[in-house]
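Enquirer: Would you mind keeping the following structure in view while I ask a few things?
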Amino acid sequence: MTTRLPLLPLALGLMAAAPLAGAQNTGYQMPPAALQAIVDAPRAPVLNLSPQRNLAALLQTPALPGINEVAQPELKLAGLRINPRTYSVSRFSFATGLSLLDIDTQKETPVSGLPRAPRIADLSWSPDQRHLAFSHIAYSDKGAGVELWLVDVATKVARKVSAQPLSTVYGRGFSWMPDSKGLLVKLRPAKLGKAPQATGIPSGPALQDSQPGGGQKQLRTYPDLLKSEDDAKLFDHYVTAQLALIDLAGKTRLLGQPGRFAGVAVAPGGQYLLTTSIMRPYSYIVPASSFGKRVEVRDLQGALVHTVVNRPLEEGLPPGNDAVSGGARDISWRVDAPATLVWAEAQDGGDPARAAEIRDIVYTQAAPFAAAPAVLAKLATRYADITWGRGDVALLTEHWYKTRALKRWRIAPDQPGTPAELLYAGSSEDRYNDPGMPVTRADSAGLPRLLIGPDTTILLDGAGASAEGDRPFVDRLSLTTKKKERLFQSAAPYYENVVAVLNDDGSRLLSTRESPTERPNYYVRNLKQTGEAQLTALTHFAHPTPQLKDVQKEQIRYKRADGVDLTATLMLPPNYDAKRDGPLPMLMWAYPQEFKSASAASQTTGSPFRFNGVSYWGPAAFLAMGYAVLDNPSFPIVGKGDEEPNDSYLPQLVADAQAAVDEVVRRGVAERHRIAIGGHSYGAFMTGNLLAHTRLFRAGIARSGAYNRTLTPFGFQSEERPFWKAQEVYQAMSPFNNADKIKDALLMIHGEQDNNSGTFPIQSERMFQAIKGLGGTARLVMLPNESHAYRARESIMHMLYESNNWLDKYVKNAKP
């Protein structure tokens with residue numbers, strides 16, 4: 001039962017049949033019981049595998065939090081959202097129970113000694129697997145904070161290990177030392193004092209300058225920025241943390257003085273720390289991620305050993321999705337060495353428009369950091385990542401977004417002069433030819449290392465995209481001969497996805513297995529066995545919505561008018577028969593995607609053998625109300641050659657929608673005058689455009705969208721060009737500019753505290769005002785305390801209430 005609380009105005013409305021004047025405050029509403037049951041369906045636990053892969057922690061997932069939880073105090077500072085009571089991020093998921101599962105015996109044992117009403121935010125195994133550490137968000141009459149707890153794996157008993165609360169404004173606040181004898185933590189400083197209080201009396205105006213000669217920069221529209229020196233002081237207070245080491249008995253040793261630490265990582269050898277500190281001056285136009293940073297190596301006393309880089313405040317990057325920061329970036333420890341730094345440096349100043357044969361150089365530097373950095377690799381495009389193995393084997397990936405070109409190289413980090421060997425070159429959007437990702441395994445320090453077999457073989461884990469749908473696989477690749485051997489591939493009538501490789505030769509796999517009527521469960525697959533004897537079930541999660549177990553699902557293929565192949569998931573209510581029952585009202589739910597080639601856009605996505613899960617978040621919930629659903633129909637926007645995808649966004653978008661409507665009508669499951677279109681974020685933007693430029697849909701549901709692209713003038717989604725270089729594109733793509741053409745009913749829902757770049761709540765407010773002022777049909781629902789996605793049970797229920805009412809009124813019984 002839900003208590004209806006008096007709130008600020010929740011809904012503004014203009015209904016076609018009975019116009020409503022002004023704002024309304026009716027409190028949270030509940031949808032029909034069939035939709036409520038979907039929201040309150042039991043949620044599966046989360047599995048966290050141990051380093052030796054013979055145990056797993058099972059974290060019980062609670063029901064949706066109430067609005068009292070979501071409405072906790074929140075500070076919005078420099079792009080961060082902070083709970084001032086707990087000195088932590090204000091929005092996170094937590095678990096309410098913990099047990100240990102033995103992989104070999106399938107025995108599950110609950111952990112005892114947990115805190116009362118546990119709120120487990122983060123969990124990590126010690127490298128030696130003898131302990132689990134987790135953080136607990138504690139609230140009491142004496143105060144609130146983030147506590148550090150330990151579980152003894154042998155006894156399965158938990159205990160609090162430190163009285164001093166953690167600081168988790170940046171990161172989870174703790175990590176294991178490589179020897180498993182203690183943890184490196186960020187504490188809330190004991191002498192930090194109370195947060196500074198603003199007087200409310202300004203000391204003067206807030207000033208910002210722009211000087212010539214700095215070149216063009218992309219300045220995205222960021223939320224939650226600092227606005228004054230009072231904000232800056234408050235930010236300083238909450239990001240200040242004390243580094244410390246805590247042993248298993250709870251003895252704490254402070255490391256140096258408190259500082260504004262954005263990150264800290266211990267070297268694999270356990271002798272050094274890599275710290276990232278936030279530096280002034282700050283900015284009012286970019287978030288903390290762009291503030292100046294000082295990256296340093298420290299010893300275990302907290303003393304400075306080596307300064308890696310002093311990066312200044314960066315108010316924007318050069319134009320383009322391949323733009324990066326100048327100077328050292330992506331600084332980390334080499335995983336397979338005791339204390340070796342690795343980083344990349346752009347050779348083109350970070351500007352993709354500048355011609356350069358070598359875009360990035362990757363450097364390494366070993367302790368004691370006195371010698372000059374050594375060149376590890378010179379790259380023609382941007383450094384992406386390295387998967388470390390051993391001195392003669394590491395895999396380096398580079399990528400260029402503009403062309404989607406991706407390359408993976410084998411390098412020998414301990415053998416200078418050994419030429420890199422190309423293992424794969426292709427397109428990042430070509431799913432059919434994706435070779436998969438290298439399989440890693442935790443080493444003795446708990447760090448991910450490439451799993452290397454005899455004769456220098458590695459394992460690759462991939463999605464297995466194909467014209468028949470996704471069929472996950474595991475391959476063995478010889479780095480010497482380049483021959484591949486397929487060890488496993490998912491086969492009909494199941495979808496089986498490999499979660500982890502349990503042994504060195506890849507013959508034992510941990511996977512999730514599902515079918516249209518069977519919820520995903522965890523299994524051990526032993527490839528040395530045959531048939532069903534290969535499988536041992538670890539979990540037995542029941543169907544969360546048995547009332548919808550017989551939902552019908554089909555992966556359908558159809559063509560756009562220009563020949564591009566499209567995919568969608570067609571879902572129909574249980575026991576429905578098109579010939580017997582005739583067409584149903586339909587809800588389509590989509591999200592456009594940009595491509596550089598029609599062939600990539602035509603590739604099949606998804607799998608016909610996935611579980612017919614009915615979630616409250618997507619469109620499938622409305623199967624319970626008698627609607628047909630077309631989920632995730634392909635809406636590709638293709639930019640061939642030098643053409644940008646958005647140059648022809650509108651005609652391609654309309655063609656995508658027309659093809660989807662034609663197909664469902666041809667199949668007899670829908671009729672043209674009873675179809676609604678909907679989407680979230682960029683899908684909401686799509687919804688506004690389709691209502692403005694077509695009459696294909698009787699109504700639209702747009703959640704957390706943006707509608708005026710001049711409010712995101714330095715690019716949006718994948719658009720690289722700023723407004724001033726593509727004014728016609730920005731103007732044509734903005735449904736706000738065409739609000740007068742919207743003749744069908746549009747429901748807009750938005751979180752009042754949306755923190756997503758570009759989807760400020762004002763986007764929905766102004767769009768609603770435009771449609772209302774032009775005499776159109778619209779309704780605006782602003783959800784208190786919600787961000788870009790919605791969390792509170794009350795908010796989700798009200799979202800479904802509004803959506804169901806909208807569909808019932810404008811779609812279900814609509815006349816031709």
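Residues are referred to by chain and number: the chain letter is A, B, ... according to the order shown in the structure tokens, the number counts from 1 in that chain, and ligands are numbered separately from 1 in the order shown.
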DSSP on the backbone: which residues in stretch 579-718 of chain A end up as strand (DSSP E)? Give the answer as a PDB file with N, CA and C atoms, in the first residue's frame.

Expert:
ATOM      1  N   LEU A 584      -4.490  -5.606 -32.664  1.00  0.00           N
ATOM      2  CA  LEU A 584      -4.505  -5.005 -31.332  1.00  0.00           C
ATOM      3  C   LEU A 584      -3.993  -3.575 -31.385  1.00  0.00           C
ATOM      4  N   PRO A 585      -4.327  -2.764 -30.379  1.00  0.00           N
ATOM      5  CA  PRO A 585      -3.604  -1.500 -30.244  1.00  0.00           C
ATOM      6  C   PRO A 585      -2.139  -1.810 -29.948  1.00  0.00           C
ATOM      7  N   MET A 586      -1.233  -0.979 -30.434  1.00  0.00           N
ATOM      8  CA  MET A 586       0.198  -1.293 -30.327  1.00  0.00           C
ATOM      9  C   MET A 586       0.992  -0.127 -29.777  1.00  0.00           C
ATOM     10  N   LEU A 587       2.021  -0.470 -28.998  1.00  0.00           N
ATOM     11  CA  LEU A 587       3.025   0.492 -28.546  1.00  0.00           C
ATOM     12  C   LEU A 587       4.374   0.096 -29.128  1.00  0.00           C
ATOM     13  N   MET A 588       4.992   1.001 -29.895  1.00  0.00           N
ATOM     14  CA  MET A 588       6.357   0.826 -30.381  1.00  0.00           C
ATOM     15  C   MET A 588       7.297   1.625 -29.490  1.00  0.00           C
ATOM     16  N   TRP A 589       8.471   1.072 -29.251  1.00  0.00           N
ATOM     17  CA  TRP A 589       9.450   1.722 -28.364  1.00  0.00           C
ATOM     18  C   TRP A 589      10.830   1.598 -29.002  1.00  0.00           C
ATOM     19  N   GLN A 593      19.992   4.872 -33.799  1.00  0.00           N
ATOM     20  CA  GLN A 593      21.424   4.624 -33.689  1.00  0.00           C
ATOM     21  C   GLN A 593      22.109   5.019 -34.986  1.00  0.00           C
ATOM     22  N   GLU A 594      23.282   5.668 -34.859  1.00  0.00           N
ATOM     23  CA  GLU A 594      24.023   6.118 -36.028  1.00  0.00           C
ATOM     24  C   GLU A 594      24.976   5.038 -36.517  1.00  0.00           C
ATOM     25  N   PHE A 595      25.132   4.972 -37.846  1.00  0.00           N
ATOM     26  CA  PHE A 595      26.048   4.030 -38.480  1.00  0.00           C
ATOM     27  C   PHE A 595      26.795   4.734 -39.602  1.00  0.00           C
ATOM     28  N   ALA A 628      -0.304  -4.962 -28.133  1.00  0.00           N
ATOM     29  CA  ALA A 628       0.834  -5.549 -28.821  1.00  0.00           C
ATOM     30  C   ALA A 628       2.012  -4.596 -28.656  1.00  0.00           C
ATOM     31  N   VAL A 629       3.221  -5.143 -28.648  1.00  0.00           N
ATOM     32  CA  VAL A 629       4.419  -4.327 -28.430  1.00  0.00           C
ATOM     33  C   VAL A 629       5.440  -4.636 -29.520  1.00  0.00           C
ATOM     34  N   LEU A 630       5.989  -3.591 -30.107  1.00  0.00           N
ATOM     35  CA  LEU A 630       7.147  -3.734 -30.996  1.00  0.00           C
ATOM     36  C   LEU A 630       8.318  -3.080 -30.280  1.00  0.00           C
ATOM     37  N   ASP A 631       9.191  -3.915 -29.733  1.00  0.00           N
ATOM     38  CA  ASP A 631      10.280  -3.430 -28.888  1.00  0.00           C
ATOM     39  C   ASP A 631      11.576  -3.332 -29.692  1.00  0.00           C
ATOM     40  N   PRO A 636      18.013   2.836 -37.746  1.00  0.00           N
ATOM     41  CA  PRO A 636      19.371   3.268 -38.087  1.00  0.00           C
ATOM     42  C   PRO A 636      19.367   4.586 -38.849  1.00  0.00           C
ATOM     43  N   ILE A 637      20.366   5.390 -38.559  1.00  0.00           N
ATOM     44  CA  ILE A 637      20.616   6.629 -39.295  1.00  0.00           C
ATOM     45  C   ILE A 637      22.014   6.476 -39.886  1.00  0.00           C
ATOM     46  N   VAL A 638      22.107   6.320 -41.198  1.00  0.00           N
ATOM     47  CA  VAL A 638      23.348   5.931 -41.850  1.00  0.00           C
ATOM     48  C   VAL A 638      23.980   7.130 -42.549  1.00  0.00           C
ATOM     49  N   ALA A 670      -1.605  -5.288 -35.866  1.00  0.00           N
ATOM     50  CA  ALA A 670      -1.882  -3.892 -35.532  1.00  0.00           C
ATOM     51  C   ALA A 670      -2.607  -3.244 -36.710  1.00  0.00           C
ATOM     52  N   GLU A 671      -3.228  -2.122 -36.434  1.00  0.00           N
ATOM     53  CA  GLU A 671      -3.847  -1.340 -37.497  1.00  0.00           C
ATOM     54  C   GLU A 671      -3.381   0.101 -37.380  1.00  0.00           C
ATOM     55  N   ARG A 672      -3.307   0.768 -38.513  1.00  0.00           N
ATOM     56  CA  ARG A 672      -2.580   2.037 -38.609  1.00  0.00           C
ATOM     57  C   ARG A 672      -3.088   3.112 -37.661  1.00  0.00           C
ATOM     58  N   HIS A 673      -4.360   3.112 -37.349  1.00  0.00           N
ATOM     59  CA  HIS A 673      -4.898   4.212 -36.540  1.00  0.00           C
ATOM     60  C   HIS A 673      -4.825   3.936 -35.038  1.00  0.00           C
ATOM     61  N   ARG A 674      -4.194   2.802 -34.636  1.00  0.00           N
ATOM     62  CA  ARG A 674      -4.094   2.496 -33.201  1.00  0.00           C
ATOM     63  C   ARG A 674      -2.660   2.093 -32.833  1.00  0.00           C
ATOM     64  N   ILE A 675      -1.701   2.917 -33.214  1.00  0.00           N
ATOM     65  CA  ILE A 675      -0.299   2.670 -32.890  1.00  0.00           C
ATOM     66  C   ILE A 675       0.263   3.906 -32.184  1.00  0.00           C
ATOM     67  N   ALA A 676       0.968   3.690 -31.075  1.00  0.00           N
ATOM     68  CA  ALA A 676       1.664   4.759 -30.352  1.00  0.00           C
ATOM     69  C   ALA A 676       3.166   4.528 -30.485  1.00  0.00           C
ATOM     70  N   ILE A 677       3.915   5.598 -30.423  1.00  0.00           N
ATOM     71  CA  ILE A 677       5.377   5.532 -30.455  1.00  0.00           C
ATOM     72  C   ILE A 677       5.908   6.109 -29.148  1.00  0.00           C
ATOM     73  N   GLY A 678       6.988   5.525 -28.642  1.00  0.00           N
ATOM     74  CA  GLY A 678       7.563   6.037 -27.404  1.00  0.00           C
ATOM     75  C   GLY A 678       9.042   5.775 -27.321  1.00  0.00           C
ATOM     76  N   GLY A 679       9.678   6.442 -26.365  1.00  0.00           N
ATOM     77  CA  GLY A 679      11.100   6.248 -26.153  1.00  0.00           C
ATOM     78  C   GLY A 679      11.595   7.078 -24.993  1.00  0.00           C
ATOM     79  N   HIS A 680      12.790   6.731 -24.531  1.00  0.00           N
ATOM     80  CA  HIS A 680      13.425   7.418 -23.407  1.00  0.00           C
ATOM     81  C   HIS A 680      14.671   8.131 -23.908  1.00  0.00           C
ATOM     82  N   ALA A 699      -0.450   8.587 -30.921  1.00  0.00           N
ATOM     83  CA  ALA A 699       0.012   9.250 -29.695  1.00  0.00           C
ATOM     84  C   ALA A 699       1.485   8.926 -29.495  1.00  0.00           C
ATOM     85  N   GLY A 700       2.100   9.686 -28.600  1.00  0.00           N
ATOM     86  CA  GLY A 700       3.498   9.465 -28.268  1.00  0.00           C
ATOM     87  C   GLY A 700       3.718   9.554 -26.773  1.00  0.00           C
ATOM     88  N   ILE A 701       4.716   8.800 -26.283  1.00  0.00           N
ATOM     89  CA  ILE A 701       5.159   8.883 -24.883  1.00  0.00           C
ATOM     90  C   ILE A 701       6.652   9.176 -24.909  1.00  0.00           C
ATOM     91  N   ALA A 702       7.039  10.330 -24.421  1.00  0.00           N
ATOM     92  CA  ALA A 702       8.435  10.775 -24.485  1.00  0.00           C
ATOM     93  C   ALA A 702       8.938  11.002 -23.069  1.00  0.00           C
ATOM     94  N   ARG A 703       9.956  10.223 -22.661  1.00  0.00           N
ATOM     95  CA  ARG A 703      10.480  10.319 -21.303  1.00  0.00           C
ATOM     96  C   ARG A 703      11.887  10.901 -21.311  1.00  0.00           C
TER      97      ARG A 703
END

Enquirer: So which bits of stretch 520-624 of chain A end up alpha helix (DSSP H) when you DSSP the backbone, as a PyMOL selection string?

Expert: chain A and resi 578-581+598-601

Enquirer: With a distance cut-off of 12 Å and only C-alpha atoms, select the neighbouring residues of A:Arg513, excluding the residue or stretch itself and same-chain residues fewer than 3 positions from it, and output the selection as an MDAnalysis selection string.

Expert: chainID A and resid 471:472 490:499 509:510 516:525 535:541 609:611

Enquirer: Write a file of the just-selected residues containing N, CA and C atoms, as a tab-separated table (two decimals), in the first residue's frame.

Expert:
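Full text of part_18.tsv as output:
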chain	number	residue	atom	x	y	z
A	471	ARG	N	24.49	-15.42	-30.69
A	471	ARG	CA	24.80	-16.77	-30.21
A	471	ARG	C	26.17	-16.71	-29.54
A	472	PRO	N	26.22	-16.34	-28.26
A	472	PRO	CA	27.51	-16.16	-27.57
A	472	PRO	C	28.42	-17.37	-27.72
A	490	SER	N	26.42	-20.86	-27.98
A	490	SER	CA	25.02	-21.01	-27.60
A	490	SER	C	24.21	-21.55	-28.77
A	491	ALA	N	23.28	-22.44	-28.46
A	491	ALA	CA	22.49	-23.08	-29.51
A	491	ALA	C	21.01	-23.06	-29.14
A	492	ALA	N	20.16	-23.04	-30.17
A	492	ALA	CA	18.72	-23.07	-29.98
A	492	ALA	C	18.33	-24.35	-29.23
A	493	PRO	N	17.27	-24.31	-28.42
A	493	PRO	CA	16.32	-23.21	-28.22
A	493	PRO	C	16.64	-22.35	-27.01
A	494	TYR	N	17.93	-22.22	-26.65
A	494	TYR	CA	18.33	-21.43	-25.49
A	494	TYR	C	19.26	-20.30	-25.92
A	495	TYR	N	19.31	-19.30	-25.06
A	495	TYR	CA	20.33	-18.26	-25.16
A	495	TYR	C	21.22	-18.44	-23.93
A	496	GLU	N	22.49	-18.73	-24.18
A	496	GLU	CA	23.42	-18.98	-23.08
A	496	GLU	C	24.61	-18.04	-23.21
A	497	ASN	N	24.83	-17.25	-22.19
A	497	ASN	CA	25.89	-16.25	-22.22
A	497	ASN	C	26.97	-16.60	-21.19
A	498	VAL	N	28.21	-16.63	-21.63
A	498	VAL	CA	29.32	-16.99	-20.75
A	498	VAL	C	29.64	-15.82	-19.83
A	499	VAL	N	29.59	-16.06	-18.53
A	499	VAL	CA	29.90	-15.05	-17.52
A	499	VAL	C	31.38	-15.08	-17.18
A	509	LEU	N	32.84	-23.55	-17.72
A	509	LEU	CA	32.33	-22.20	-17.91
A	509	LEU	C	31.23	-21.91	-16.90
A	510	LEU	N	31.18	-20.69	-16.44
A	510	LEU	CA	30.03	-20.20	-15.69
A	510	LEU	C	29.19	-19.40	-16.67
A	516	PRO	N	12.72	-18.33	-23.96
A	516	PRO	CA	11.59	-17.39	-23.89
A	516	PRO	C	10.72	-17.55	-22.65
A	517	THR	N	10.62	-18.76	-22.10
A	517	THR	CA	9.77	-18.97	-20.93
A	517	THR	C	10.54	-19.24	-19.65
A	518	GLU	N	11.87	-19.29	-19.71
A	518	GLU	CA	12.70	-19.59	-18.55
A	518	GLU	C	13.59	-18.40	-18.21
A	519	ARG	N	13.47	-17.95	-16.98
A	519	ARG	CA	14.26	-16.83	-16.51
A	519	ARG	C	15.75	-17.18	-16.52
A	520	PRO	N	16.65	-16.22	-16.76
A	520	PRO	CA	18.08	-16.52	-16.71
A	520	PRO	C	18.48	-17.09	-15.35
A	521	ASN	N	19.19	-18.21	-15.38
A	521	ASN	CA	19.76	-18.80	-14.19
A	521	ASN	C	21.22	-19.14	-14.46
A	522	TYR	N	21.98	-19.28	-13.38
A	522	TYR	CA	23.41	-19.57	-13.51
A	522	TYR	C	23.65	-21.08	-13.58
A	523	TYR	N	24.58	-21.45	-14.47
A	523	TYR	CA	24.94	-22.85	-14.66
A	523	TYR	C	26.46	-22.98	-14.74
A	524	VAL	N	26.96	-24.15	-14.38
A	524	VAL	CA	28.33	-24.55	-14.70
A	524	VAL	C	28.25	-25.49	-15.89
A	525	ARG	N	29.00	-25.18	-16.95
A	525	ARG	CA	29.03	-26.04	-18.13
A	525	ARG	C	30.42	-26.68	-18.22
A	535	LEU	N	25.78	-29.67	-18.07
A	535	LEU	CA	25.21	-28.57	-17.30
A	535	LEU	C	24.90	-28.95	-15.86
A	536	THR	N	25.29	-28.06	-14.94
A	536	THR	CA	24.91	-28.16	-13.54
A	536	THR	C	24.30	-26.83	-13.12
A	537	ALA	N	23.07	-26.86	-12.66
A	537	ALA	CA	22.38	-25.63	-12.27
A	537	ALA	C	22.91	-25.13	-10.94
A	538	LEU	N	23.23	-23.85	-10.87
A	538	LEU	CA	23.66	-23.21	-9.62
A	538	LEU	C	22.52	-22.49	-8.93
A	539	THR	N	21.64	-21.90	-9.71
A	539	THR	CA	20.53	-21.14	-9.14
A	539	THR	C	19.22	-21.62	-9.77
A	540	HIS	N	18.13	-21.31	-9.08
A	540	HIS	CA	16.80	-21.74	-9.52
A	540	HIS	C	15.81	-20.59	-9.33
A	541	PHE	N	16.10	-19.47	-9.94
A	541	PHE	CA	15.23	-18.31	-9.81
A	541	PHE	C	13.92	-18.57	-10.54
A	609	PHE	N	15.80	-16.24	-28.60
A	609	PHE	CA	15.75	-17.19	-27.49
A	609	PHE	C	15.97	-16.53	-26.14
A	610	ARG	N	15.99	-15.19	-26.09
A	610	ARG	CA	16.09	-14.51	-24.81
A	610	ARG	C	14.78	-14.66	-24.03
A	611	PHE	N	14.89	-14.56	-22.73
A	611	PHE	CA	13.73	-14.65	-21.84
A	611	PHE	C	12.72	-13.55	-22.15

Enquirer: Which neighbours of A:Lys559 fall inside 12 Å, counting only C-alpha atoms, when residues of the same chain fewer than 4 positions from it are skipped, and could you give them as a ChimeraX atom specification?

Expert: /A:563-568,598,601-604,633-636,655-663

Enquirer: Please determine, counting only C-alpha atoms, which residue among A:Leu219, A:Ala726, A:Val342, A:Ala249 has the shortest atom-to-atom distance to A:Leu317.

Expert: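 Ranked by minimum distance to A:Leu317, first place goes to A:Leu219.
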
Enquirer: To one decimal place in Å, what is the distance between atom CA of A:Pro196 and atom CA of A:Gly79?

Expert: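 Here the two named atoms are 19.1 Å from each other.
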
Enquirer: Report as a list in words all protein, DNA and RNA residues lying within 10 Å of A:Thr155, evaluated on only C-alpha atoms, omitting residues in the same chain fewer than 2 positions from it.

Expert: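 With the cut-off at 10 Å, the set is Val111, Ser112, Arg130, His131, Val151, Asp152, Val153, Val157 and Ala158 of chain A.
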
Enquirer: For the selection you just gave me, I'd like the residues written to a file as a short mmCIF file (atom, residue, chain, number, x, y, z; two decimals), in the first residue's frame, keeping N, CA and C atoms.

Expert:
data_model
loop_
_atom_site.label_atom_id
_atom_site.label_comp_id
_atom_site.auth_asym_id
_atom_site.auth_seq_id
_atom_site.Cartn_x
_atom_site.Cartn_y
_atom_site.Cartn_z
N VAL A 111 25.45 -15.33 5.18
CA VAL A 111 26.47 -14.70 6.03
C VAL A 111 25.79 -14.16 7.28
N SER A 112 26.35 -14.49 8.44
CA SER A 112 25.79 -14.00 9.70
C SER A 112 26.55 -12.77 10.16
N ARG A 130 40.19 -15.08 1.21
CA ARG A 130 39.85 -15.41 2.59
C ARG A 130 38.85 -14.44 3.20
N HIS A 131 38.71 -13.28 2.57
CA HIS A 131 37.81 -12.27 3.11
C HIS A 131 37.03 -11.58 1.99
N VAL A 151 33.96 -9.82 5.87
CA VAL A 151 33.40 -11.15 6.06
C VAL A 151 34.54 -12.15 6.05
N ASP A 152 34.63 -12.97 7.10
CA ASP A 152 35.57 -14.09 7.11
C ASP A 152 34.93 -15.21 6.30
N VAL A 153 35.53 -15.56 5.18
CA VAL A 153 34.91 -16.53 4.27
C VAL A 153 34.83 -17.91 4.91
N VAL A 157 31.12 -15.09 8.75
CA VAL A 157 30.66 -14.13 9.75
C VAL A 157 31.19 -12.75 9.36
N ALA A 158 30.32 -11.75 9.44
CA ALA A 158 30.68 -10.37 9.11
C ALA A 158 30.90 -9.55 10.37
#

Enquirer: I need the residue nearest A:Lys217 from this list: A:Gln242, A:Ser511, A:Asn321, A:Ser180. Use only C-alpha atoms for the distance.

Expert: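 Going through A:Gln242, A:Ser511, A:Asn321, A:Ser180 one by one, the smallest distance to A:Lys217 is for A:Asn321.
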
Enquirer: Between atom CA of A:His798 and atom CA of A:Pro42, what is the distance, to one decimal in Å?

Expert: 19.5 Å

Enquirer: How many Å lie between atom CA of A:Gly259 and atom CA of A:Pro373, rounded to one decimal?

Expert: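 We find that atom CA of A:Gly259 and atom CA of A:Pro373 lie 27.6 Å from each other.
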
Enquirer: Go through A:Pro651, A:Gly626, A:Lys809, A:Lys251 one by one, measure the shortest atom-to-atom distance of each to A:Asp581 using only C-alpha atoms, and give the residue with the smallest value.

Expert: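 Going through A:Pro651, A:Gly626, A:Lys809, A:Lys251 one by one, the smallest distance to A:Asp581 is for A:Gly626.
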